[in-house]
$ cat query.txt   # compact mmCIF, C-alpha atoms
# COMPACT_ATOMS: atom_id res chain seq x y z
CA MET V 1117 29.90 22.60 -35.85
CA LEU V 1118 26.82 22.76 -33.72
CA GLN V 1119 24.75 19.63 -33.77
CA ARG V 1120 21.03 20.28 -33.84
CA VAL V 1121 19.89 16.76 -34.61
CA GLU V 1122 17.15 15.60 -32.30
CA HIS V 1123 17.97 12.10 -31.18
CA GLU V 1124 15.49 9.71 -29.58
CA LEU V 1125 17.77 9.80 -26.55
CA HIS V 1126 17.08 13.50 -26.08
CA ARG V 1127 13.37 12.92 -26.21
CA ARG V 1128 13.63 10.31 -23.44
CA ARG V 1129 15.88 12.52 -21.35
CA ARG V 1130 13.44 15.38 -21.69
CA SER V 1131 10.56 13.17 -20.60
CA ARG V 1132 12.61 12.25 -17.54
CA ASN V 1133 13.47 15.83 -16.66
CA ILE V 1134 9.92 17.09 -17.07
CA GLY V 1135 8.60 14.12 -15.14
CA LEU V 1136 10.98 14.83 -12.25
CA LEU V 1137 10.00 18.50 -12.28
CA VAL V 1138 6.32 17.61 -12.03
CA VAL V 1139 7.00 15.12 -9.22
CA LEU V 1140 9.06 17.62 -7.21
CA LEU V 1141 6.48 20.39 -7.63
CA ALA V 1142 3.72 17.99 -6.61
CA PHE V 1143 5.75 17.06 -3.52
CA VAL V 1144 6.12 20.72 -2.55
CA VAL V 1145 2.38 21.26 -2.93
CA LEU V 1146 1.73 18.13 -0.87
CA VAL V 1147 3.97 19.15 2.03
CA PHE V 1148 2.53 22.67 2.00
CA GLY V 1149 -1.03 21.32 1.98
CA LEU V 1150 -0.23 18.91 4.82
CA SER V 1151 1.24 21.77 6.86
CA VAL V 1152 -1.85 23.91 6.34
CA VAL V 1153 -4.17 21.07 7.33
CA LYS V 1154 -2.13 20.11 10.40
CA ILE V 1155 -1.86 23.70 11.64
CA THR V 1156 -5.52 24.59 11.09
CA GLN V 1157 -6.56 21.35 12.81
CA GLY V 1158 -4.45 22.37 15.79
CA ASP V 1159 -2.62 19.07 15.97
CA MET V 1160 0.17 18.69 18.51
CA MET V 1161 3.18 19.78 16.50
CA GLN V 1162 5.78 19.72 19.32
CA GLY V 1163 7.46 16.49 20.20
CA TYR V 1164 8.33 15.34 23.72
CA ASP V 1165 11.73 16.77 24.58
CA HIS V 1166 12.59 14.66 27.66
CA ARG V 1167 11.31 17.39 29.93
CA PRO V 1168 7.67 17.97 30.86
CA ARG V 1169 6.21 21.27 29.66
CA ALA V 1170 2.92 22.85 30.64
CA SER V 1171 2.07 23.37 26.93
CA MET V 1172 2.15 19.61 26.36
CA LEU V 1173 -0.42 18.80 29.03
CA PRO V 1174 -4.03 18.35 27.96
CA ARG V 1175 -6.15 21.38 28.76
CA ASP V 1176 -7.77 21.11 32.22
CA PRO V 1177 -11.57 21.07 31.82
CA ASN V 1178 -12.04 22.60 35.35
CA PRO V 1179 -9.26 25.15 35.75
CA PRO V 1180 -8.66 26.43 39.32
CA ALA V 1181 -10.35 29.76 40.10
CA PRO V 1182 -8.07 32.81 39.81
CA ASN V 1183 -6.58 33.88 43.16
CA ALA V 1184 -8.86 36.48 44.81
CA GLY V 1185 -6.13 38.14 46.92
CA PRO V 1186 -2.81 38.01 45.09
CA VAL V 1187 0.30 38.56 47.19
CA ALA V 1188 2.84 40.96 45.66
CA ALA V 1189 6.51 40.04 45.56
CA PRO V 1190 8.49 41.88 48.30
CA GLY V 1191 10.39 44.96 47.11
CA THR V 1192 8.16 45.67 44.10
CA PRO V 1193 6.06 48.84 43.85
CA ALA V 1194 2.94 46.73 44.25
CA ALA V 1195 4.15 45.48 47.65
CA ALA V 1196 4.78 49.04 48.87
CA GLY V 1197 1.51 50.57 47.59
CA GLY V 1198 -1.10 48.68 49.69
CA PRO V 1199 -4.14 46.66 48.51
CA ASP V 1200 -4.96 48.95 45.54
CA ALA V 1201 -1.46 48.66 44.13
CA ALA V 1202 -1.49 44.90 44.73
CA ALA V 1203 -4.66 44.56 42.62
CA GLY V 1204 -2.91 45.98 39.57
CA GLY V 1205 -1.07 49.18 40.51
CA GLN V 1206 -3.98 51.44 39.57
CA PRO V 1207 -4.67 54.37 41.97
CA MET F 1423 33.65 13.49 -36.51
CA ALA F 1424 31.84 12.85 -33.30
CA ASN F 1425 28.19 12.36 -33.93
CA ILE F 1426 25.64 12.10 -31.18
CA ASN F 1427 23.66 9.75 -33.39
CA ALA F 1428 26.48 7.25 -33.08
CA TYR F 1429 25.77 6.72 -29.38
CA GLU F 1430 25.35 2.99 -28.84
CA GLY F 1431 25.50 2.64 -25.06
CA PRO F 1432 22.66 1.39 -22.88
CA ALA F 1433 19.42 3.14 -23.73
CA ASP F 1434 18.52 6.04 -21.48
CA ALA F 1435 15.38 5.40 -19.51
CA GLY F 1436 12.36 7.62 -20.05
CA PHE F 1437 10.18 8.74 -17.16
CA GLY F 1438 7.71 5.98 -17.92
CA ASP F 1439 10.34 3.33 -17.24
CA TYR F 1440 10.75 4.55 -13.68
CA VAL F 1441 6.98 4.56 -13.25
CA ALA F 1442 6.91 0.98 -14.58
CA LEU F 1443 9.42 0.01 -11.85
CA LEU F 1444 6.76 0.83 -9.27
CA LYS F 1445 4.35 -1.75 -10.74
CA PRO F 1446 1.43 0.63 -11.30
CA ARG F 1447 -1.11 -2.17 -11.74
CA VAL F 1448 -0.30 -3.69 -8.36
CA MET F 1449 -0.36 -0.16 -6.98
CA SER F 1450 -3.95 0.34 -8.13
CA LEU F 1451 -5.08 -2.54 -5.89
CA VAL F 1452 -3.01 -1.15 -3.01
CA VAL F 1453 -4.53 2.32 -3.47
CA PHE F 1454 -8.07 1.00 -3.53
CA THR F 1455 -7.82 -1.37 -0.55
CA ALA F 1456 -5.81 1.09 1.55
CA PHE F 1457 -8.33 3.84 0.80
CA VAL F 1458 -11.26 1.62 1.80
CA GLY F 1459 -9.47 0.57 5.00
CA LEU F 1460 -8.83 4.19 5.89
CA TRP F 1461 -12.24 5.54 4.92
CA ILE F 1462 -14.46 2.99 6.66
CA ALA F 1463 -12.50 3.23 9.94
CA PRO F 1464 -14.52 4.70 12.83
CA GLN F 1465 -12.29 7.78 13.27
CA PRO F 1466 -12.85 10.44 10.62
CA VAL F 1467 -9.74 11.61 8.76
CA ASN F 1468 -9.25 14.94 7.05
CA PRO F 1469 -9.72 14.29 3.30
CA PHE F 1470 -6.37 15.83 2.37
CA VAL F 1471 -4.55 13.82 5.04
CA ALA F 1472 -6.38 10.71 3.79
CA PHE F 1473 -5.28 11.48 0.22
CA CYS F 1474 -1.66 11.90 1.32
CA ALA F 1475 -1.73 8.76 3.44
CA VAL F 1476 -3.06 6.63 0.59
CA LEU F 1477 -0.51 8.18 -1.75
CA PHE F 1478 2.39 7.34 0.54
CA ILE F 1479 1.12 3.81 1.15
CA ALA F 1480 0.99 3.37 -2.63
CA LEU F 1481 4.48 4.84 -2.94
CA GLY F 1482 5.75 2.37 -0.34
CA GLY F 1483 4.13 -0.44 -2.34
CA GLY F 1484 5.79 0.93 -5.47
CA ALA F 1485 9.15 1.03 -3.69
CA SER F 1486 8.87 -2.64 -2.78
CA GLY F 1487 7.95 -3.32 -6.42
CA ALA F 1488 11.17 -1.62 -7.54
CA LEU F 1489 13.19 -3.67 -5.02
CA ASN F 1490 11.46 -6.79 -6.33
CA MET F 1491 12.44 -5.90 -9.91
CA TRP F 1492 16.02 -5.28 -8.83
CA TYR F 1493 16.35 -8.70 -7.24
CA ASP F 1494 14.24 -10.67 -9.72
CA ALA F 1495 15.73 -9.29 -12.95
CA ASP F 1496 17.18 -12.72 -13.80
CA ILE F 1497 13.80 -14.45 -13.40
CA ASP F 1498 11.93 -11.66 -15.19
CA ALA F 1499 14.21 -11.96 -18.23
CA VAL F 1500 13.18 -15.61 -18.72
CA MET F 1501 9.41 -15.27 -18.31
CA ARG F 1502 7.39 -14.06 -21.27
CA ARG F 1503 4.99 -12.06 -19.08
CA THR F 1504 7.80 -10.03 -17.47
CA ALA F 1505 10.57 -9.92 -20.10
CA GLY F 1506 9.53 -6.41 -21.15
CA ARG F 1507 10.04 -4.90 -17.67
CA PRO F 1508 12.56 -2.03 -17.60
CA VAL F 1509 15.42 -3.92 -15.91
CA PRO F 1510 15.45 -7.12 -18.02
CA ALA F 1511 14.85 -5.01 -21.15
CA GLY F 1512 18.02 -3.05 -20.32
CA ARG F 1513 16.45 0.41 -20.04
CA VAL F 1514 17.14 0.74 -16.30
CA THR F 1515 20.15 -0.76 -14.54
CA PRO F 1516 19.52 -3.01 -11.52
CA GLN F 1517 21.46 -0.53 -9.35
CA GLU F 1518 19.10 2.25 -10.36
CA ALA F 1519 16.11 0.10 -9.46
CA LEU F 1520 17.69 -0.70 -6.08
CA GLY F 1521 18.45 2.96 -5.41
CA LEU F 1522 14.96 4.09 -6.38
CA GLY F 1523 13.42 1.35 -4.24
CA ILE F 1524 15.41 2.22 -1.13
CA ALA F 1525 14.96 5.98 -1.53
CA LEU F 1526 11.21 5.72 -2.06
CA SER F 1527 10.89 3.28 0.87
CA GLY F 1528 12.50 5.77 3.23
CA LEU F 1529 10.56 8.70 1.84
CA SER F 1530 7.17 6.98 1.94
CA VAL F 1531 7.64 5.72 5.51
CA MET F 1532 8.81 9.13 6.79
CA MET F 1533 6.00 10.99 5.03
CA LEU F 1534 3.33 8.54 6.18
CA GLY F 1535 4.57 8.99 9.74
CA LEU F 1536 4.31 12.77 9.43
CA ALA F 1537 0.97 12.74 7.61
CA ALA F 1538 -0.81 10.07 9.67
CA ASN F 1539 0.92 8.41 12.61
CA TRP F 1540 4.06 6.44 13.36
CA PHE F 1541 2.28 3.18 13.99
CA ALA F 1542 1.02 3.19 10.41
CA ALA F 1543 4.48 4.23 9.19
CA GLY F 1544 6.11 1.33 11.05
CA PHE F 1545 3.51 -0.98 9.58
CA LEU F 1546 4.35 0.27 6.09
CA ALA F 1547 8.08 -0.23 6.73
CA PHE F 1548 7.37 -3.78 7.89
CA THR F 1549 5.28 -4.45 4.76
CA ILE F 1550 8.08 -3.26 2.46
CA PHE F 1551 10.59 -5.39 4.37
CA PHE F 1552 8.25 -8.36 4.25
CA TYR F 1553 7.68 -8.15 0.50
CA ALA F 1554 11.23 -7.27 -0.54
CA VAL F 1555 13.27 -9.41 1.86
CA ILE F 1556 11.12 -12.20 3.27
CA TYR F 1557 9.14 -12.85 0.07
CA THR F 1558 11.34 -11.79 -2.86
CA ILE F 1559 14.81 -12.57 -1.58
CA TRP F 1560 14.12 -15.46 0.72
CA LEU F 1561 10.97 -17.51 0.14
CA LYS F 1562 9.95 -16.94 -3.48
CA ARG F 1563 12.68 -19.18 -4.82
CA SER F 1564 12.70 -21.74 -2.05
CA THR F 1565 9.13 -22.88 -1.34
CA PRO F 1566 6.02 -23.65 -3.41
CA GLN F 1567 4.03 -21.86 -0.71
CA ASN F 1568 5.67 -18.60 -1.91
CA ILE F 1569 2.33 -17.29 -3.17
CA VAL F 1570 0.80 -17.67 0.28
CA ILE F 1571 3.61 -15.64 1.86
CA GLY F 1572 3.53 -13.02 -0.90
CA GLY F 1573 -0.21 -12.75 -0.40
CA ALA F 1574 0.39 -11.48 3.13
CA ALA F 1575 2.34 -8.51 1.77
CA GLY F 1576 -0.55 -7.66 -0.54
CA ALA F 1577 -3.01 -8.02 2.32
CA PHE F 1578 -1.39 -5.42 4.59
CA PRO F 1579 -2.52 -2.20 2.78
CA PRO F 1580 -6.11 -2.13 4.11
CA MET F 1581 -4.67 -2.72 7.61
CA ILE F 1582 -2.25 0.19 7.12
CA GLY F 1583 -5.12 2.38 5.92
CA TRP F 1584 -7.14 1.42 9.01
CA ALA F 1585 -4.08 2.12 11.20
CA CYS F 1586 -3.74 5.60 9.63
CA ALA F 1587 -7.20 6.48 10.93
CA THR F 1588 -7.30 4.60 14.24
CA GLY F 1589 -3.62 4.26 15.14
CA GLY F 1590 -4.02 0.55 15.79
CA VAL F 1591 -5.31 -2.87 14.77
CA SER F 1592 -8.76 -4.32 15.33
CA ILE F 1593 -10.87 -7.30 14.34
CA GLU F 1594 -12.20 -5.46 11.27
CA SER F 1595 -8.74 -4.74 9.92
CA LEU F 1596 -7.57 -8.30 10.66
CA LEU F 1597 -10.55 -9.66 8.71
CA MET F 1598 -9.78 -7.36 5.76
CA PHE F 1599 -6.27 -8.81 5.91
CA ALA F 1600 -7.67 -12.35 5.91
CA LEU F 1601 -9.91 -11.53 2.95
CA ILE F 1602 -6.95 -10.69 0.70
CA PHE F 1603 -4.58 -13.18 2.31
CA PHE F 1604 -6.73 -16.23 1.57
CA TRP F 1605 -7.86 -14.85 -1.79
CA THR F 1606 -4.33 -14.47 -3.21
CA PRO F 1607 -3.29 -18.14 -3.48
CA PRO F 1608 -6.29 -19.36 -5.52
CA HIS F 1609 -6.03 -16.21 -7.66
CA PHE F 1610 -2.40 -16.84 -8.59
CA TRP F 1611 -2.64 -20.62 -8.79
CA ALA F 1612 -5.47 -20.26 -11.31
CA LEU F 1613 -3.13 -18.01 -13.30
CA ALA F 1614 -0.32 -20.55 -12.94
CA LEU F 1615 -2.55 -23.32 -14.29
CA PHE F 1616 -2.73 -21.63 -17.69
CA MET F 1617 0.70 -19.88 -17.62
CA ASN F 1618 2.63 -22.91 -16.43
CA ASP F 1619 5.70 -23.12 -18.70
CA ASP F 1620 6.73 -19.59 -17.79
CA TYR F 1621 7.30 -20.35 -14.12
CA SER F 1622 8.97 -23.70 -14.70
CA LYS F 1623 11.41 -22.15 -17.20
CA ALA F 1624 12.38 -19.51 -14.65
CA GLY F 1625 12.88 -22.11 -11.93
CA VAL F 1626 10.38 -20.52 -9.54
CA PRO F 1627 8.91 -23.35 -7.46
CA MET F 1628 5.24 -22.85 -8.27
CA LEU F 1629 2.88 -25.42 -6.82
CA THR F 1630 1.92 -26.49 -10.36
CA VAL F 1631 5.57 -27.37 -11.05
CA THR F 1632 6.55 -28.97 -7.76
CA HIS F 1633 3.39 -30.85 -6.79
CA GLY F 1634 1.52 -31.08 -10.08
CA ARG F 1635 -1.75 -29.70 -11.34
CA LYS F 1636 -4.00 -32.13 -9.53
CA VAL F 1637 -2.69 -30.91 -6.17
CA THR F 1638 -2.94 -27.29 -7.31
CA ARG F 1639 -6.61 -27.77 -8.21
CA ARG F 1640 -7.25 -29.26 -4.78
CA HIS F 1641 -5.43 -26.32 -3.13
CA ILE F 1642 -7.50 -23.78 -5.06
CA PHE F 1643 -10.74 -25.35 -3.91
CA ALA F 1644 -9.52 -25.69 -0.30
CA TYR F 1645 -8.56 -22.00 -0.14
CA THR F 1646 -11.94 -20.86 -1.47
CA LEU F 1647 -13.53 -22.84 1.37
CA VAL F 1648 -11.23 -21.26 3.97
CA LEU F 1649 -11.76 -17.79 2.50
CA ALA F 1650 -15.58 -17.76 2.62
CA PRO F 1651 -16.09 -17.72 6.42
CA PHE F 1652 -13.65 -14.81 6.87
CA ALA F 1653 -15.31 -12.79 4.11
CA ILE F 1654 -18.76 -13.37 5.60
CA TRP F 1655 -17.57 -12.80 9.19
CA LEU F 1656 -16.48 -9.32 8.13
CA GLY F 1657 -20.15 -8.66 7.34
CA PHE F 1658 -21.06 -9.10 11.01
CA THR F 1659 -18.51 -6.60 12.36
CA SER F 1660 -18.97 -2.85 12.80
CA VAL F 1661 -18.00 -2.15 9.15
CA GLY F 1662 -20.41 -4.74 7.74
CA GLY F 1663 -24.12 -4.60 7.03
CA PRO F 1664 -26.86 -6.15 4.94
CA LEU F 1665 -25.50 -4.80 1.63
CA TYR F 1666 -21.99 -6.13 2.21
CA LEU F 1667 -23.33 -9.43 3.49
CA ALA F 1668 -25.51 -9.94 0.41
CA VAL F 1669 -22.63 -9.14 -1.97
CA SER F 1670 -20.26 -11.37 0.00
CA VAL F 1671 -22.58 -14.37 0.11
CA VAL F 1672 -23.18 -14.22 -3.66
CA LEU F 1673 -19.49 -13.76 -4.51
CA ASN F 1674 -18.35 -16.53 -2.18
CA ALA F 1675 -20.95 -18.92 -3.57
CA LEU F 1676 -19.69 -18.17 -7.10
CA PHE F 1677 -16.07 -18.49 -5.96
CA ILE F 1678 -16.63 -21.86 -4.29
CA LEU F 1679 -18.57 -23.06 -7.33
CA GLY F 1680 -15.68 -21.99 -9.60
CA GLY F 1681 -13.19 -23.75 -7.33
CA TRP F 1682 -15.34 -26.89 -7.40
CA ARG F 1683 -15.43 -26.82 -11.22
CA ILE F 1684 -11.65 -26.47 -11.32
CA LEU F 1685 -11.31 -29.38 -8.90
CA CYS F 1686 -13.51 -31.64 -11.01
CA ARG F 1687 -11.52 -31.15 -14.24
CA ASP F 1688 -8.35 -32.86 -15.30
CA GLU F 1689 -5.63 -31.60 -17.59
CA GLU F 1690 -7.02 -33.19 -20.76
CA GLN F 1691 -10.38 -31.49 -20.36
CA ALA F 1692 -8.67 -28.19 -19.57
CA GLN F 1693 -6.38 -28.34 -22.58
CA ALA F 1694 -9.26 -29.36 -24.83
CA ASP F 1695 -11.12 -26.09 -24.25
CA GLY F 1696 -8.04 -23.86 -23.76
CA TYR F 1697 -8.38 -23.53 -19.95
CA ARG F 1698 -11.74 -21.80 -20.28
CA VAL F 1699 -12.90 -22.60 -16.75
CA GLU F 1700 -9.57 -21.57 -15.21
CA LYS F 1701 -9.52 -18.28 -17.10
CA ARG F 1702 -13.09 -17.52 -16.13
CA TYR F 1703 -12.26 -18.30 -12.50
CA PHE F 1704 -9.24 -15.98 -12.69
CA ARG F 1705 -11.42 -13.14 -14.00
CA LEU F 1706 -14.00 -13.81 -11.27
CA SER F 1707 -11.23 -13.59 -8.66
CA LEU F 1708 -10.38 -10.07 -9.88
CA TYR F 1709 -14.01 -9.01 -9.40
CA TYR F 1710 -14.12 -10.84 -6.07
CA THR F 1711 -11.80 -8.49 -4.15
CA PHE F 1712 -12.86 -5.38 -6.02
CA LEU F 1713 -16.55 -5.93 -5.32
CA HIS F 1714 -15.95 -6.89 -1.68
CA PHE F 1715 -14.12 -3.65 -0.97
CA LEU F 1716 -16.58 -1.63 -3.05
CA ALA F 1717 -19.38 -3.16 -0.98
CA LEU F 1718 -17.57 -2.13 2.23
CA LEU F 1719 -17.32 1.42 0.91
CA LEU F 1720 -21.01 1.57 -0.07
CA GLN F 1721 -22.02 -0.02 3.22
CA HIS F 1722 -20.13 2.69 5.08
CA TRP F 1723 -21.88 5.29 2.96
CA VAL F 1724 -25.42 3.99 3.61
CA GLY F 1725 -24.62 3.07 7.22
CA GLY F 1726 -23.99 -0.35 8.73
CA TRP F 1727 -25.84 -2.46 11.28
$ encode --input "query.txt" --output "structure tokens"
Amino acid sequence: MLQRVEHELHRRRRSRNIGLLVVLLAFVVLVFGLSVVKITQGDMMQGYDHRPRASMLPRDPNPPAPNAGPVAAPGTPAAAGGPDAAAGGQP
Amino acid sequence: MANINAYEGPADAGFGDYVALLKPRVMSLVVFTAFVGLWIAPQPVNPFVAFCAVLFIALGGGASGALNMWYDADIDAVMRRTAGRPVPAGRVTPQEALGLGIALSGLSVMMLGLAANWFAAGFLAFTIFFYAVIYTIWLKRSTPQNIVIGGAAGAFPPMIGWACATGGVSIESLLMFALIFFWTPPHFWALALFMNDDYSKAGVPMLTVTHGRKVTRRHIFAYTLVLAPFAIWLGFTSVGGPLYLAVSVVLNALFILGGWRILCRDEEQAQADGYRVEKRYFRLSLYYTFLHFLALLLQHWVGGW
């Protein structure tokens, strides 16, 4: 026979289950919201990985001027084509 | 026939019982002081990050409350004020309280580290350790100065809030610590004066039990005197200002006056009028911290010195 009697115990269990559901959903919303805030703020999200990386350095306020006369690597088409080719390969 | 109505085992806990394990009333003080500490700090914090940080500080406080209820279930069962708590009432097993406390401790520290910074997270971890191990397990049952030590745990939240924003400690946050630290003993000793039998039955060495009420009255007055300069000093730092200073001077004058009145009474007088002065002093002490931190918040809003 199927029991359909509602016991006080079931009521308490339901309150626990619903409560846990609400808490877990709230936690998901919280972590999502934190991610959005941290990414839009542009916080440093990468940790130090025992190896210096250029992306971890603070941005240089006075970056060096771009090289006026770049030297092409030997053996590339730019190296063979003279100054025009070295400036970007355009004829 | 098997009948589910015949179930006579330990009662299943409802959701509210787990919330009660986190001591929501203590949490409200933690939330408020941590929020003020975070908000009045010189570095602005994104409101959502601030909300999360305060939430996780409160959760850490709740976790230490659950650990406290796990360890103190035997004391709580004896005292009238605490006999209805979930563990002594049999709705939650001590193991569940321990598990919830440890899990929430880890979660709150990790999440505070991710939301704010790892200095604040370490600070929160230390606070939980301090309250659960140093206060609850070690000193609460062994020294009548237990309240003073426990007060330190309650005084850390504004410092953690400040650390969330600034990543460090400064004179302002140390003075906020001192404000709660020196306020806690007179607050609880006033309570102990009119709730005495509870603590003596449970065997907790309260000052009223070990050294008598005369000494307790002297201690209350002495602590109000020590507290006042720290509270007023905070008014001269970068977070202070004329509004805070005015509020602080009035409150400290009232607090010292209340302490003096308690000092001048003896037990017969107190019993004759049902501890009226002590109860009034206890209520004043609740307003004392609340109004100090509210004044800090308003002072920040209108601008300081």
$ residues_around --input "query.txt" --residues "Pro1608 (chain F)" --least-positions-apart "2" --cutoff "12 Å" --atoms "only C-alpha atoms" --output "ChimeraX atom specification"
/F:1567,1569-1570,1573,1602-1606,1610-1615,1629-1630,1638-1649,1677-1678,1680-1682,1684-1685,1700,1703-1708,1710
$ closest_atom_pairs --input "query.txt" --of "chain V" --to "chain F" --cutoff "10 Å" --atoms "only C-alpha atoms" --output "JSON lines"
{"residue": "V:Met1117", "atom": "CA", "partner": "F:Met1423", "partner_atom": "CA", "distance": 9.9}
{"residue": "V:Gln1119", "atom": "CA", "partner": "F:Ile1426", "partner_atom": "CA", "distance": 8.0}
{"residue": "V:Arg1120", "atom": "CA", "partner": "F:Ile1426", "partner_atom": "CA", "distance": 9.8}
{"residue": "V:Val1121", "atom": "CA", "partner": "F:Asn1427", "partner_atom": "CA", "distance": 8.1}
{"residue": "V:Glu1122", "atom": "CA", "partner": "F:Asn1427", "partner_atom": "CA", "distance": 8.8}
{"residue": "V:His1123", "atom": "CA", "partner": "F:Asn1427", "partner_atom": "CA", "distance": 6.5}
{"residue": "V:Glu1124", "atom": "CA", "partner": "F:Asn1427", "partner_atom": "CA", "distance": 9.0}
{"residue": "V:Leu1125", "atom": "CA", "partner": "F:Asp1434", "partner_atom": "CA", "distance": 6.4}
{"residue": "V:His1126", "atom": "CA", "partner": "F:Asp1434", "partner_atom": "CA", "distance": 8.9}
{"residue": "V:Arg1127", "atom": "CA", "partner": "F:Gly1436", "partner_atom": "CA", "distance": 8.2}
{"residue": "V:Arg1128", "atom": "CA", "partner": "F:Gly1436", "partner_atom": "CA", "distance": 4.5}
{"residue": "V:Arg1129", "atom": "CA", "partner": "F:Gly1436", "partner_atom": "CA", "distance": 6.2}
{"residue": "V:Arg1130", "atom": "CA", "partner": "F:Gly1436", "partner_atom": "CA", "distance": 8.0}
{"residue": "V:Ser1131", "atom": "CA", "partner": "F:Phe1437", "partner_atom": "CA", "distance": 5.6}
{"residue": "V:Arg1132", "atom": "CA", "partner": "F:Phe1437", "partner_atom": "CA", "distance": 4.3}
{"residue": "V:Asn1133", "atom": "CA", "partner": "F:Phe1437", "partner_atom": "CA", "distance": 7.8}
{"residue": "V:Ile1134", "atom": "CA", "partner": "F:Phe1437", "partner_atom": "CA", "distance": 8.4}
{"residue": "V:Gly1135", "atom": "CA", "partner": "F:Phe1437", "partner_atom": "CA", "distance": 6.0}
{"residue": "V:Leu1136", "atom": "CA", "partner": "F:Phe1437", "partner_atom": "CA", "distance": 7.9}
{"residue": "V:Leu1146", "atom": "CA", "partner": "F:Cys1474", "partner_atom": "CA", "distance": 7.4}
{"residue": "V:Val1147", "atom": "CA", "partner": "F:Met1533", "partner_atom": "CA", "distance": 8.9}
{"residue": "V:Gly1149", "atom": "CA", "partner": "F:Phe1470", "partner_atom": "CA", "distance": 7.7}
{"residue": "V:Leu1150", "atom": "CA", "partner": "F:Val1471", "partner_atom": "CA", "distance": 6.7}
{"residue": "V:Ser1151", "atom": "CA", "partner": "F:Ala1537", "partner_atom": "CA", "distance": 9.1}
{"residue": "V:Val1153", "atom": "CA", "partner": "F:Phe1470", "partner_atom": "CA", "distance": 7.5}
{"residue": "V:Lys1154", "atom": "CA", "partner": "F:Ala1537", "partner_atom": "CA", "distance": 8.5}
{"residue": "V:Gln1157", "atom": "CA", "partner": "F:Asn1468", "partner_atom": "CA", "distance": 9.0}
$ atom_distance --input "query.txt" --atom1 "CA of Gly1535 (chain F)" --atom2 "CA of Leu1477 (chain F)"
12.6 Å
$ closest_residue --input "query.txt" --among "V:Arg1167, V:Leu1137, V:Pro1193, V:Phe1143" --to "Leu1529 (chain F)" --atoms "all atoms listed in the file"
V:Phe1143
$ atom_distance --input "query.txt" --atom1 "CA of Cys1586 (chain F)" --atom2 "CA of Leu1546 (chain F)"
10.3 Å
$ atom_distance --input "query.txt" --atom1 "CA of Ala1480 (chain F)" --atom2 "CA of Ile1550 (chain F)"
11.0 Å
$ closest_residue --input "query.txt" --among "F:Val1724, F:Ala1475, F:Val1453, F:Leu1443" --to "Val1509 (chain F)" --atoms "only C-alpha atoms"
F:Leu1443
$ residues_around --input "query.txt" --residues "Leu1520 (chain F)" --least-positions-apart "5" --cutoff "10 Å" --atoms "only C-alpha atoms" --output "list in words"
Ala1485, Ser1486, Ala1488, Leu1489, Asn1490, Met1491, Trp1492, Tyr1493, Thr1515, Ala1525 and Leu1526 of chain F
$ residues_around --input "query.txt" --residues "Arg1503 (chain F)" --least-positions-apart "5" --cutoff "10 Å" --atoms "all atoms listed in the file" --output "mmCIF file with C-alpha atoms, in the coordinates of the input"
data_model
loop_
_atom_site.group_PDB
_atom_site.id
_atom_site.type_symbol
_atom_site.label_atom_id
_atom_site.label_comp_id
_atom_site.auth_asym_id
_atom_site.auth_seq_id
_atom_site.Cartn_x
_atom_site.Cartn_y
_atom_site.Cartn_z
ATOM 1 C CA ASP F 1498 11.930 -11.660 -15.190
ATOM 2 C CA MET F 1617 0.700 -19.880 -17.620
ATOM 3 C CA ASP F 1620 6.730 -19.590 -17.790
ATOM 4 C CA TYR F 1621 7.300 -20.350 -14.120
#
